[in-house]
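Undergrad: Structure provided below as structure tokens; questions to follow.
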Amino acid sequence: MSRLGQGGLIDRDRPLSFTFDGRRFTGFEGDTLASALVANDVRLVGRSFKYHRPRGILTAGSEEPNALVTLNAGARAEPNTRATAIPLFEGLEAHSQNCWPSPGFDLLAVNQIFAPLFVAGFYYKTFMWPVAFWEKLYEPLIRRAAGLGKLSTLPDPSQYDRDHGFCDLLVIGGGPAGLAAALAASRAGLRVILVDGDTRFGGRLLSERHLVDGMAGADWTARTVAELASLPNVRLLSRTTLFGVYDGQQYGAIEHVADHCTASGAGQPRQRLWKIVARRAILATGAVERPLMFGGNDRPGVMMASAVSTFVNRYAAAPGRRAVLFTTTASGWSTVFDLHAAGIDVAAVIEGRAGGSEAAREANRLGIEVVRASAFHVIGRQGVRAVALVDAAGRKRRLTCDLVAMAGGWNPSIGLGTNLGARPVWSETLQTFLLDAAPPGLTAAGAAAGCWALGDALRDGVTRAAEAAEALGKPLAARAVPACSADPAAISSLWHIPGKGKAFVDFQHDVTTGDVTLAAREGFVSVEHLKRYTTLGMATDQGKSGQVNGHALLAAKTGRTMAEVGTILSRPPFLPVSIGALVGHHRGTHLRPARQTASHGWAKLAGATFVDAGLWKRAQWYARPGETDWLQTVNREVRMTRGGVGICDISTLGKIDLHGPDAGTLLDRLYINSFSALPVGKARYGVMLREDGFVLDDGTASRFAQDRFFVTTTTANAAKVMQHIDHARQVIWPELDVQATSVTEQWSVFSVAGPRSRQLLQAMFPDIDLSNEAFPYMAAMECRWRGRPARIFRLSFSGELAFEIAVPARHGEALVRALCEAGRPLDATPYGTEALAVMRIEKGHPAGNELNGMTTAADLGLGRMMSGRKDYIGRVLAGRPGLCDPARPALVGLRPRRPDQRIRGGAHLFSPHVLRIPANDEGYVTSAAWSPMLESYVALALLSRGPDRHGEVIIVHDPLRGPEIEAEICDPVFFDPEGVRVRG
Amino acid sequence: MRIPCPYCGERDAQEFTYRGDAAPVRPQGDAGFFDYVYLRDNPAGPIAEHWYHAQGCRGWLVVERNTRTHEILGARLAGECAR
């Protein structure tokens, strides 16, 4: 056990049991998986991506590149989870990745022997030839050998939630700068949201031994968080990772609601996706410590100095017994003293720069040797055993140790600030990249802005909050900055130290100093080319620790400055995000909303099978007991309707009320035919074009008063037509005095069709004369049904004598029940969309398949409706030569030579005796059905010069689904071509 | 993105349907329709565009947007722009 006897922010009264690779361990409440593994002396946690090198824990934060594990098992398994960011919980189960059979003995470690093959660009160089081998051999091999964790492939059983946040000030990061900013802003009355990915706020204050306002950092944090929590204008979101900055001051975040629990509570989501809109935001994400590039810097036991301090101070876990510390910064010295205070032996401190500092003298007083090294590397394969160095006097030395801590300086964690394209700039004084032009409303503060020293970070947080408050019109009354202990923060850059062995730049993608050097030599001298050639920074950690080192090395190898070389941008997500969290509740039946008509419940009882029509659920057919086949049902529905009377819910059609003195004028400009002269009490069929001359939609408009029309659209185009009408009256002709309102959901409408429909409806409305004389074809009226407003139209889609009756939607179910009741003595049948479609094909009415956005009115045989006496949308471009070409495919009917030969929609049409190649394609079948009335398959098709070719034989070519069929071209109206029945 | 609808206030861009450049004006006569329907500028910088608040007031808006930065500079009701 390497648990220190005292200290740490862990609860020793609450031990937690967990397993790693099947072995059982114990940690404490407050641990992370990483700290618990450190405390249990587990140093080797996985193998690297390419070379399968043994790897340990490098950092103590979310930037961790090495310690990736698969958390949980079975359907809840989550690969590539950073052990340093997993709060320990009772029963936690984790497995190492990318090694078999175990991290200690990994068969694919043989890759290390072939390391010379795996240099930068090795994919491109090695697996070039023969080409066919790439897909079949090389790629599967590489995929098996390299890679990270595996997905479970089982359905995710977790629930995910979504929430929206709105605030004046969003503070990203709850370290010293973030806490100071949130406190100052919230005291000024700003609505503040504070997010932090950690389980508790405090950031570095939890990991270091600084005093703030005379108390321990953790205590000051607790007091500050308590005050923030007590304020009604503050929302605290811990365990919440901000992953992206988006246009319009919008931010995406994931709240890990139950990831730290063995099982989610009832109704509790695993994670919650936050979409936060913030007028101002402060990026207080701190900084990530830079590794140093020396041989063996990836060996288990080599750690960041800040991580060593965190494990010792926050988690009371000793990462080693005898340490060597390599530092180029003042902050590295704090780790030396942290180790000394914890009773851990410090073998030596290696300084990269000229010594003589106060800290070095202090170390000497404590008996710690301080060495300047000109060469340095780590000895030990599965873990650090010693370091070898060449000292200032040129002597080779070997120091036994089991821990190497490296402090190479700091990179402000500004990835989020570059999401919208702002490129960081190099600061020579701070030796780091800083955010130059942040996205609108966003400001970096604290270490993220290069304010390394604790006092500077606290002051910067207050200053940025004051600026935000000022800008939002709520200036701070006071700018109290908490006092804190001294925190020297000088950095001198030393990137690469010569020595034996591979020195890693990108730990997760196994990019070495050799790869970067090679890339520079081969001419990949831009950071963007370097990234793509070596995959530097392209792993799941996005190069948070190693990227800048690679750029520094590139600068050195190409003789340029850091400012000239620059650095890359970061894209969302800042940290990996579960796809499930983005999907949220929108899966399975909740993928889209379902729209049900008023008769849905009744239809279900009546045996309906439903079909999706956009978001609508429509009754497709109503099977009766004894019917074994859907076609049998549909045929019966057609025969009973054409022979008696049928009832169909057509409420899904788009319905728009048009009101105003200019309503008729607007309709004239929307439809190809005229409506302004339509008499009150009449309906008319109309076709709308797009401005480019193609058909947009068809439907009817009925006039109920001089200034009041009722427009219907197809189900599919309801929203599109509404938008089109609004565009016409608001954008093109705002001078027209007319209002339009969608009433699709306000009216429930049923079609009552068939020779006995009048009889049925007359029984429902005994006081209204529905005779042909009083209420002829295309008549429309407003009336009342059971004291409610109702409308009756003499419209027909089926070609039968038919009525459409509409009542307010909440009475729709009562109406369909009443219709069925009145229809019982007439042997009425409900019919669904399938029978509806059969009957409209029998009548040759164009519908969705023909109104496909590529047809003109003339193509559909409606060219004669186009008025020559008025302007309307689409008129001019419908007259283009290409759209008037008589060779264009136009609507025809097709009947197979043998009635039982099935023609299918989508089949293509060829003249006999020509090659079946695209050049000879003359058209295609749009709609097809079995016609029970004609006892034959029938089809509608778009055929070149079709209307002139009635009587010809054409080949229906459908090679994927069946043999060729000979069909006769005919008029698209198969049934009752004279239209006698509809006027009966 | 957020769009300040003059009628509904600042709303999420998901509530709106995009149409495109607001500059072309429907010709009075028969000439100029090809340009009106098909020809569009593609400026880098501010552009006035038509957006439809489909899931709000159903108003057609003229929205000023910077194509370089996606910054929304303002929005007016299309009907009022024309007057």
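Naming scheme: A, B, ... for chains in displayed order of the structure tokens; residues 1 onward per chain; ligands 1 onward as shown.
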For range 748-756 of chain A, list every protein, DNA or RNA residue within 7 Å, evaluated using only C-alpha atoms, and leave out those in the same chain fewer than 6 positions away; present the list as an NGL selection string.

TA: :A and (598 or 641-651 or 800-809 or 812)

Undergrad: Now that the selection is made, can you save its residues with N, CA and C atoms as a PDB file, in the first residue's frame?

TA:
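That gives us out-v1.pdb:
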```
ATOM      1  N   ALA A 598     -57.804  12.753 -34.835  1.00  0.00           N
ATOM      2  CA  ALA A 598     -58.817  12.632 -33.783  1.00  0.00           C
ATOM      3  C   ALA A 598     -59.437  11.237 -33.758  1.00  0.00           C
ATOM      4  N   THR A 641     -66.595   0.610 -51.114  1.00  0.00           N
ATOM      5  CA  THR A 641     -66.746   2.056 -51.287  1.00  0.00           C
ATOM      6  C   THR A 641     -67.355   2.352 -52.645  1.00  0.00           C
ATOM      7  N   ARG A 642     -66.797   1.738 -53.673  1.00  0.00           N
ATOM      8  CA  ARG A 642     -67.313   2.006 -55.021  1.00  0.00           C
ATOM      9  C   ARG A 642     -68.704   1.415 -55.210  1.00  0.00           C
ATOM     10  N   GLY A 643     -68.992   0.384 -54.420  1.00  0.00           N
ATOM     11  CA  GLY A 643     -70.311  -0.244 -54.578  1.00  0.00           C
ATOM     12  C   GLY A 643     -71.314   0.262 -53.574  1.00  0.00           C
ATOM     13  N   GLY A 644     -70.878   0.925 -52.517  1.00  0.00           N
ATOM     14  CA  GLY A 644     -71.808   1.376 -51.482  1.00  0.00           C
ATOM     15  C   GLY A 644     -71.344   2.699 -50.911  1.00  0.00           C
ATOM     16  N   VAL A 645     -70.648   2.628 -49.762  1.00  0.00           N
ATOM     17  CA  VAL A 645     -70.136   3.854 -49.182  1.00  0.00           C
ATOM     18  C   VAL A 645     -68.966   3.524 -48.241  1.00  0.00           C
ATOM     19  N   GLY A 646     -67.946   4.377 -48.296  1.00  0.00           N
ATOM     20  CA  GLY A 646     -66.772   4.208 -47.433  1.00  0.00           C
ATOM     21  C   GLY A 646     -66.461   5.512 -46.717  1.00  0.00           C
ATOM     22  N   ILE A 647     -65.786   5.359 -45.578  1.00  0.00           N
ATOM     23  CA  ILE A 647     -65.461   6.531 -44.743  1.00  0.00           C
ATOM     24  C   ILE A 647     -63.950   6.552 -44.498  1.00  0.00           C
ATOM     25  N   CYS A 648     -63.334   7.694 -44.763  1.00  0.00           N
ATOM     26  CA  CYS A 648     -61.876   7.773 -44.636  1.00  0.00           C
ATOM     27  C   CYS A 648     -61.478   9.071 -43.923  1.00  0.00           C
ATOM     28  N   ASP A 649     -60.588   8.953 -42.941  1.00  0.00           N
ATOM     29  CA  ASP A 649     -60.093  10.138 -42.233  1.00  0.00           C
ATOM     30  C   ASP A 649     -59.044  10.827 -43.105  1.00  0.00           C
ATOM     31  N   ILE A 650     -59.331  12.057 -43.512  1.00  0.00           N
ATOM     32  CA  ILE A 650     -58.372  12.803 -44.344  1.00  0.00           C
ATOM     33  C   ILE A 650     -57.908  14.073 -43.614  1.00  0.00           C
ATOM     34  N   SER A 651     -57.907  13.990 -42.276  1.00  0.00           N
ATOM     35  CA  SER A 651     -57.547  15.180 -41.473  1.00  0.00           C
ATOM     36  C   SER A 651     -56.092  15.590 -41.637  1.00  0.00           C
ATOM     37  N   GLU A 800     -65.789   8.894 -56.899  1.00  0.00           N
ATOM     38  CA  GLU A 800     -67.178   8.555 -56.583  1.00  0.00           C
ATOM     39  C   GLU A 800     -67.933   9.819 -56.205  1.00  0.00           C
ATOM     40  N   LEU A 801     -69.247   9.717 -56.163  1.00  0.00           N
ATOM     41  CA  LEU A 801     -70.039  10.723 -55.485  1.00  0.00           C
ATOM     42  C   LEU A 801     -69.484  10.784 -54.058  1.00  0.00           C
ATOM     43  N   ALA A 802     -69.067  11.952 -53.620  1.00  0.00           N
ATOM     44  CA  ALA A 802     -68.394  11.984 -52.317  1.00  0.00           C
ATOM     45  C   ALA A 802     -68.574  13.329 -51.649  1.00  0.00           C
ATOM     46  N   PHE A 803     -68.492  13.295 -50.339  1.00  0.00           N
ATOM     47  CA  PHE A 803     -68.569  14.500 -49.519  1.00  0.00           C
ATOM     48  C   PHE A 803     -67.388  14.503 -48.557  1.00  0.00           C
ATOM     49  N   GLU A 804     -66.941  15.679 -48.216  1.00  0.00           N
ATOM     50  CA  GLU A 804     -65.983  15.791 -47.118  1.00  0.00           C
ATOM     51  C   GLU A 804     -66.673  16.579 -46.031  1.00  0.00           C
ATOM     52  N   ILE A 805     -66.597  16.050 -44.805  1.00  0.00           N
ATOM     53  CA  ILE A 805     -67.252  16.741 -43.701  1.00  0.00           C
ATOM     54  C   ILE A 805     -66.221  17.033 -42.615  1.00  0.00           C
ATOM     55  N   ALA A 806     -66.239  18.299 -42.160  1.00  0.00           N
ATOM     56  CA  ALA A 806     -65.221  18.741 -41.192  1.00  0.00           C
ATOM     57  C   ALA A 806     -65.899  19.271 -39.935  1.00  0.00           C
ATOM     58  N   VAL A 807     -65.332  18.902 -38.795  1.00  0.00           N
ATOM     59  CA  VAL A 807     -65.791  19.439 -37.508  1.00  0.00           C
ATOM     60  C   VAL A 807     -64.554  19.800 -36.691  1.00  0.00           C
ATOM     61  N   PRO A 808     -64.691  20.635 -35.656  1.00  0.00           N
ATOM     62  CA  PRO A 808     -63.519  20.913 -34.807  1.00  0.00           C
ATOM     63  C   PRO A 808     -62.899  19.610 -34.311  1.00  0.00           C
ATOM     64  N   ALA A 809     -61.576  19.583 -34.268  1.00  0.00           N
ATOM     65  CA  ALA A 809     -60.856  18.315 -34.055  1.00  0.00           C
ATOM     66  C   ALA A 809     -61.316  17.574 -32.811  1.00  0.00           C
ATOM     67  N   GLY A 812     -63.904  15.160 -33.561  1.00  0.00           N
ATOM     68  CA  GLY A 812     -63.651  14.256 -34.683  1.00  0.00           C
ATOM     69  C   GLY A 812     -64.012  12.820 -34.378  1.00  0.00           C
TER      70      GLY A 812
END
```

Undergrad: Check every residue of chain B for an atom within 9 Å of chain A, counting only C-alpha atoms, and provide those that qualify as an mmCIF file with N, CA, C and O atoms, in the first residue's frame.

TA:
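Below is the file that was written, iface28.cif:
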```cif
data_model
loop_
_atom_site.group_PDB
_atom_site.id
_atom_site.type_symbol
_atom_site.label_atom_id
_atom_site.label_comp_id
_atom_site.auth_asym_id
_atom_site.auth_seq_id
_atom_site.Cartn_x
_atom_site.Cartn_y
_atom_site.Cartn_z
ATOM 1 N N MET B 1 -26.546 29.311 -33.246
ATOM 2 C CA MET B 1 -26.821 30.717 -33.530
ATOM 3 C C MET B 1 -28.124 31.149 -32.868
ATOM 4 O O MET B 1 -29.019 30.342 -32.680
ATOM 5 N N ARG B 2 -28.219 32.411 -32.579
ATOM 6 C CA ARG B 2 -29.435 32.975 -31.998
ATOM 7 C C ARG B 2 -29.893 34.107 -32.913
ATOM 8 O O ARG B 2 -29.066 34.904 -33.380
ATOM 9 N N ILE B 3 -31.192 34.164 -33.171
ATOM 10 C CA ILE B 3 -31.726 35.201 -34.058
ATOM 11 C C ILE B 3 -32.700 36.073 -33.275
ATOM 12 O O ILE B 3 -33.631 35.553 -32.646
ATOM 13 N N ASP B 12 -33.470 30.583 -30.581
ATOM 14 C CA ASP B 12 -32.502 29.652 -31.156
ATOM 15 C C ASP B 12 -32.734 29.515 -32.668
ATOM 16 O O ASP B 12 -33.876 29.446 -33.129
ATOM 17 N N VAL B 25 -35.262 40.850 -55.970
ATOM 18 C CA VAL B 25 -36.655 41.308 -55.912
ATOM 19 C C VAL B 25 -37.393 40.735 -57.109
ATOM 20 O O VAL B 25 -36.884 40.728 -58.228
ATOM 21 N N ARG B 26 -38.600 40.219 -56.866
ATOM 22 C CA ARG B 26 -39.361 39.579 -57.948
ATOM 23 C C ARG B 26 -39.651 40.598 -59.049
ATOM 24 O O ARG B 26 -40.205 41.675 -58.781
ATOM 25 N N ASP B 30 -41.875 40.168 -67.512
ATOM 26 C CA ASP B 30 -41.438 38.803 -67.776
ATOM 27 C C ASP B 30 -39.919 38.654 -67.756
ATOM 28 O O ASP B 30 -39.406 37.545 -67.669
ATOM 29 N N ALA B 31 -39.194 39.786 -67.835
ATOM 30 C CA ALA B 31 -37.729 39.707 -67.903
ATOM 31 C C ALA B 31 -37.122 39.622 -66.512
ATOM 32 O O ALA B 31 -37.700 40.101 -65.540
ATOM 33 N N PHE B 33 -36.378 36.921 -64.638
ATOM 34 C CA PHE B 33 -36.745 35.843 -63.718
ATOM 35 C C PHE B 33 -35.625 34.842 -63.474
ATOM 36 O O PHE B 33 -35.503 34.284 -62.400
ATOM 37 N N PHE B 34 -34.820 34.637 -64.517
ATOM 38 C CA PHE B 34 -33.730 33.677 -64.334
ATOM 39 C C PHE B 34 -32.790 34.159 -63.232
ATOM 40 O O PHE B 34 -32.441 33.414 -62.314
ATOM 41 N N VAL B 37 -34.423 33.872 -59.748
ATOM 42 C CA VAL B 37 -34.545 32.529 -59.171
ATOM 43 C C VAL B 37 -33.184 31.893 -58.913
ATOM 44 O O VAL B 37 -32.987 31.223 -57.901
ATOM 45 N N TYR B 38 -32.227 32.125 -59.826
ATOM 46 C CA TYR B 38 -31.002 31.327 -59.759
ATOM 47 C C TYR B 38 -29.739 32.090 -59.380
ATOM 48 O O TYR B 38 -28.801 31.491 -58.852
ATOM 49 N N HIS B 50 -33.132 36.024 -45.924
ATOM 50 C CA HIS B 50 -34.497 35.714 -45.477
ATOM 51 C C HIS B 50 -34.491 34.478 -44.582
ATOM 52 O O HIS B 50 -33.942 33.439 -44.948
ATOM 53 N N TYR B 52 -37.310 32.294 -41.984
ATOM 54 C CA TYR B 52 -38.741 32.144 -41.669
ATOM 55 C C TYR B 52 -38.866 31.577 -40.262
ATOM 56 O O TYR B 52 -38.288 30.515 -39.965
ATOM 57 N N ALA B 54 -40.511 29.574 -38.538
ATOM 58 C CA ALA B 54 -41.524 28.531 -38.710
ATOM 59 C C ALA B 54 -42.078 28.045 -37.375
ATOM 60 O O ALA B 54 -43.257 27.752 -37.260
ATOM 61 N N ARG B 58 -44.166 32.739 -37.271
ATOM 62 C CA ARG B 58 -44.346 32.513 -38.706
ATOM 63 C C ARG B 58 -44.061 33.775 -39.508
ATOM 64 O O ARG B 58 -44.583 33.979 -40.593
ATOM 65 N N GLY B 59 -43.220 34.616 -38.965
ATOM 66 C CA GLY B 59 -42.857 35.818 -39.689
ATOM 67 C C GLY B 59 -41.646 35.579 -40.575
ATOM 68 O O GLY B 59 -40.739 34.825 -40.217
ATOM 69 N N TRP B 60 -41.661 36.203 -41.765
ATOM 70 C CA TRP B 60 -40.467 36.199 -42.615
ATOM 71 C C TRP B 60 -39.592 37.368 -42.194
ATOM 72 O O TRP B 60 -40.057 38.491 -42.110
ATOM 73 N N LEU B 61 -38.339 37.087 -41.902
ATOM 74 C CA LEU B 61 -37.432 38.122 -41.409
ATOM 75 C C LEU B 61 -36.330 38.391 -42.417
ATOM 76 O O LEU B 61 -35.950 37.515 -43.189
ATOM 77 N N THR B 69 -18.071 35.405 -39.748
ATOM 78 C CA THR B 69 -18.054 35.143 -38.303
ATOM 79 C C THR B 69 -19.343 34.508 -37.796
ATOM 80 O O THR B 69 -19.409 34.097 -36.644
ATOM 81 N N HIS B 70 -20.372 34.438 -38.640
ATOM 82 C CA HIS B 70 -21.721 33.998 -38.240
ATOM 83 C C HIS B 70 -22.366 34.968 -37.247
ATOM 84 O O HIS B 70 -23.373 34.641 -36.640
ATOM 85 N N GLU B 71 -21.803 36.122 -37.095
ATOM 86 C CA GLU B 71 -22.399 37.095 -36.193
ATOM 87 C C GLU B 71 -23.718 37.593 -36.788
ATOM 88 O O GLU B 71 -23.808 37.896 -37.969
ATOM 89 N N ILE B 72 -24.747 37.647 -35.968
ATOM 90 C CA ILE B 72 -26.041 38.169 -36.406
ATOM 91 C C ILE B 72 -26.081 39.647 -36.029
ATOM 92 O O ILE B 72 -25.960 40.003 -34.863
ATOM 93 N N LEU B 77 -38.727 42.538 -39.670
ATOM 94 C CA LEU B 77 -39.792 41.819 -40.368
ATOM 95 C C LEU B 77 -39.723 42.186 -41.846
ATOM 96 O O LEU B 77 -39.622 43.366 -42.192
ATOM 97 N N ALA B 78 -39.782 41.173 -42.718
ATOM 98 C CA ALA B 78 -39.632 41.420 -44.159
ATOM 99 C C ALA B 78 -40.705 42.375 -44.657
ATOM 100 O O ALA B 78 -40.437 43.250 -45.478
ATOM 101 N N GLY B 79 -41.918 42.196 -44.165
ATOM 102 C CA GLY B 79 -43.025 43.036 -44.615
ATOM 103 C C GLY B 79 -42.774 44.502 -44.324
ATOM 104 O O GLY B 79 -43.181 45.380 -45.086
ATOM 105 N N GLU B 80 -42.094 44.773 -43.204
ATOM 106 C CA GLU B 80 -41.824 46.163 -42.848
ATOM 107 C C GLU B 80 -40.638 46.728 -43.615
ATOM 108 O O GLU B 80 -40.588 47.927 -43.855
ATOM 109 N N CYS B 81 -39.699 45.847 -44.005
ATOM 110 C CA CYS B 81 -38.566 46.315 -44.815
ATOM 111 C C CYS B 81 -39.057 46.857 -46.148
ATOM 112 O O CYS B 81 -38.522 47.817 -46.672
ATOM 113 N N ALA B 82 -40.075 46.182 -46.694
ATOM 114 C CA ALA B 82 -40.531 46.538 -48.036
ATOM 115 C C ALA B 82 -41.253 47.877 -48.035
ATOM 116 O O ALA B 82 -41.282 48.559 -49.038
ATOM 117 N N ARG B 83 -41.855 48.227 -46.881
ATOM 118 C CA ARG B 83 -42.631 49.465 -46.844
ATOM 119 C C ARG B 83 -41.753 50.704 -46.790
ATOM 120 O O ARG B 83 -40.619 50.664 -46.371
#
```

Undergrad: List as a CSV table (one decimal) with C-alpha atoms, in the first residue's frame the protein and nucleic acid residues near Val63 in chain B, meaning an atom at most 7 Å away when only C-alpha atoms are counted, but skip any in the same chain fewer than 3 places from it.

TA:
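That gives us selection-v2.csv:
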```
chain,number,residue,atom,x,y,z
B,48,ALA,CA,-29.1,40.3,-45.6
B,49,GLU,CA,-30.9,37.0,-45.7
B,50,HIS,CA,-34.5,35.7,-45.5
B,51,TRP,CA,-35.3,33.5,-42.5
B,74,GLY,CA,-29.9,42.4,-36.6
B,75,ALA,CA,-33.3,41.3,-37.9
B,76,ARG,CA,-36.4,43.0,-39.2
```

Undergrad: When DSSP works through the backbone of this structure, what residues of chain B end up as alpha helix (DSSP H), shown as a PyMOL selection string?

TA: chain B and resi 33-38+78-82
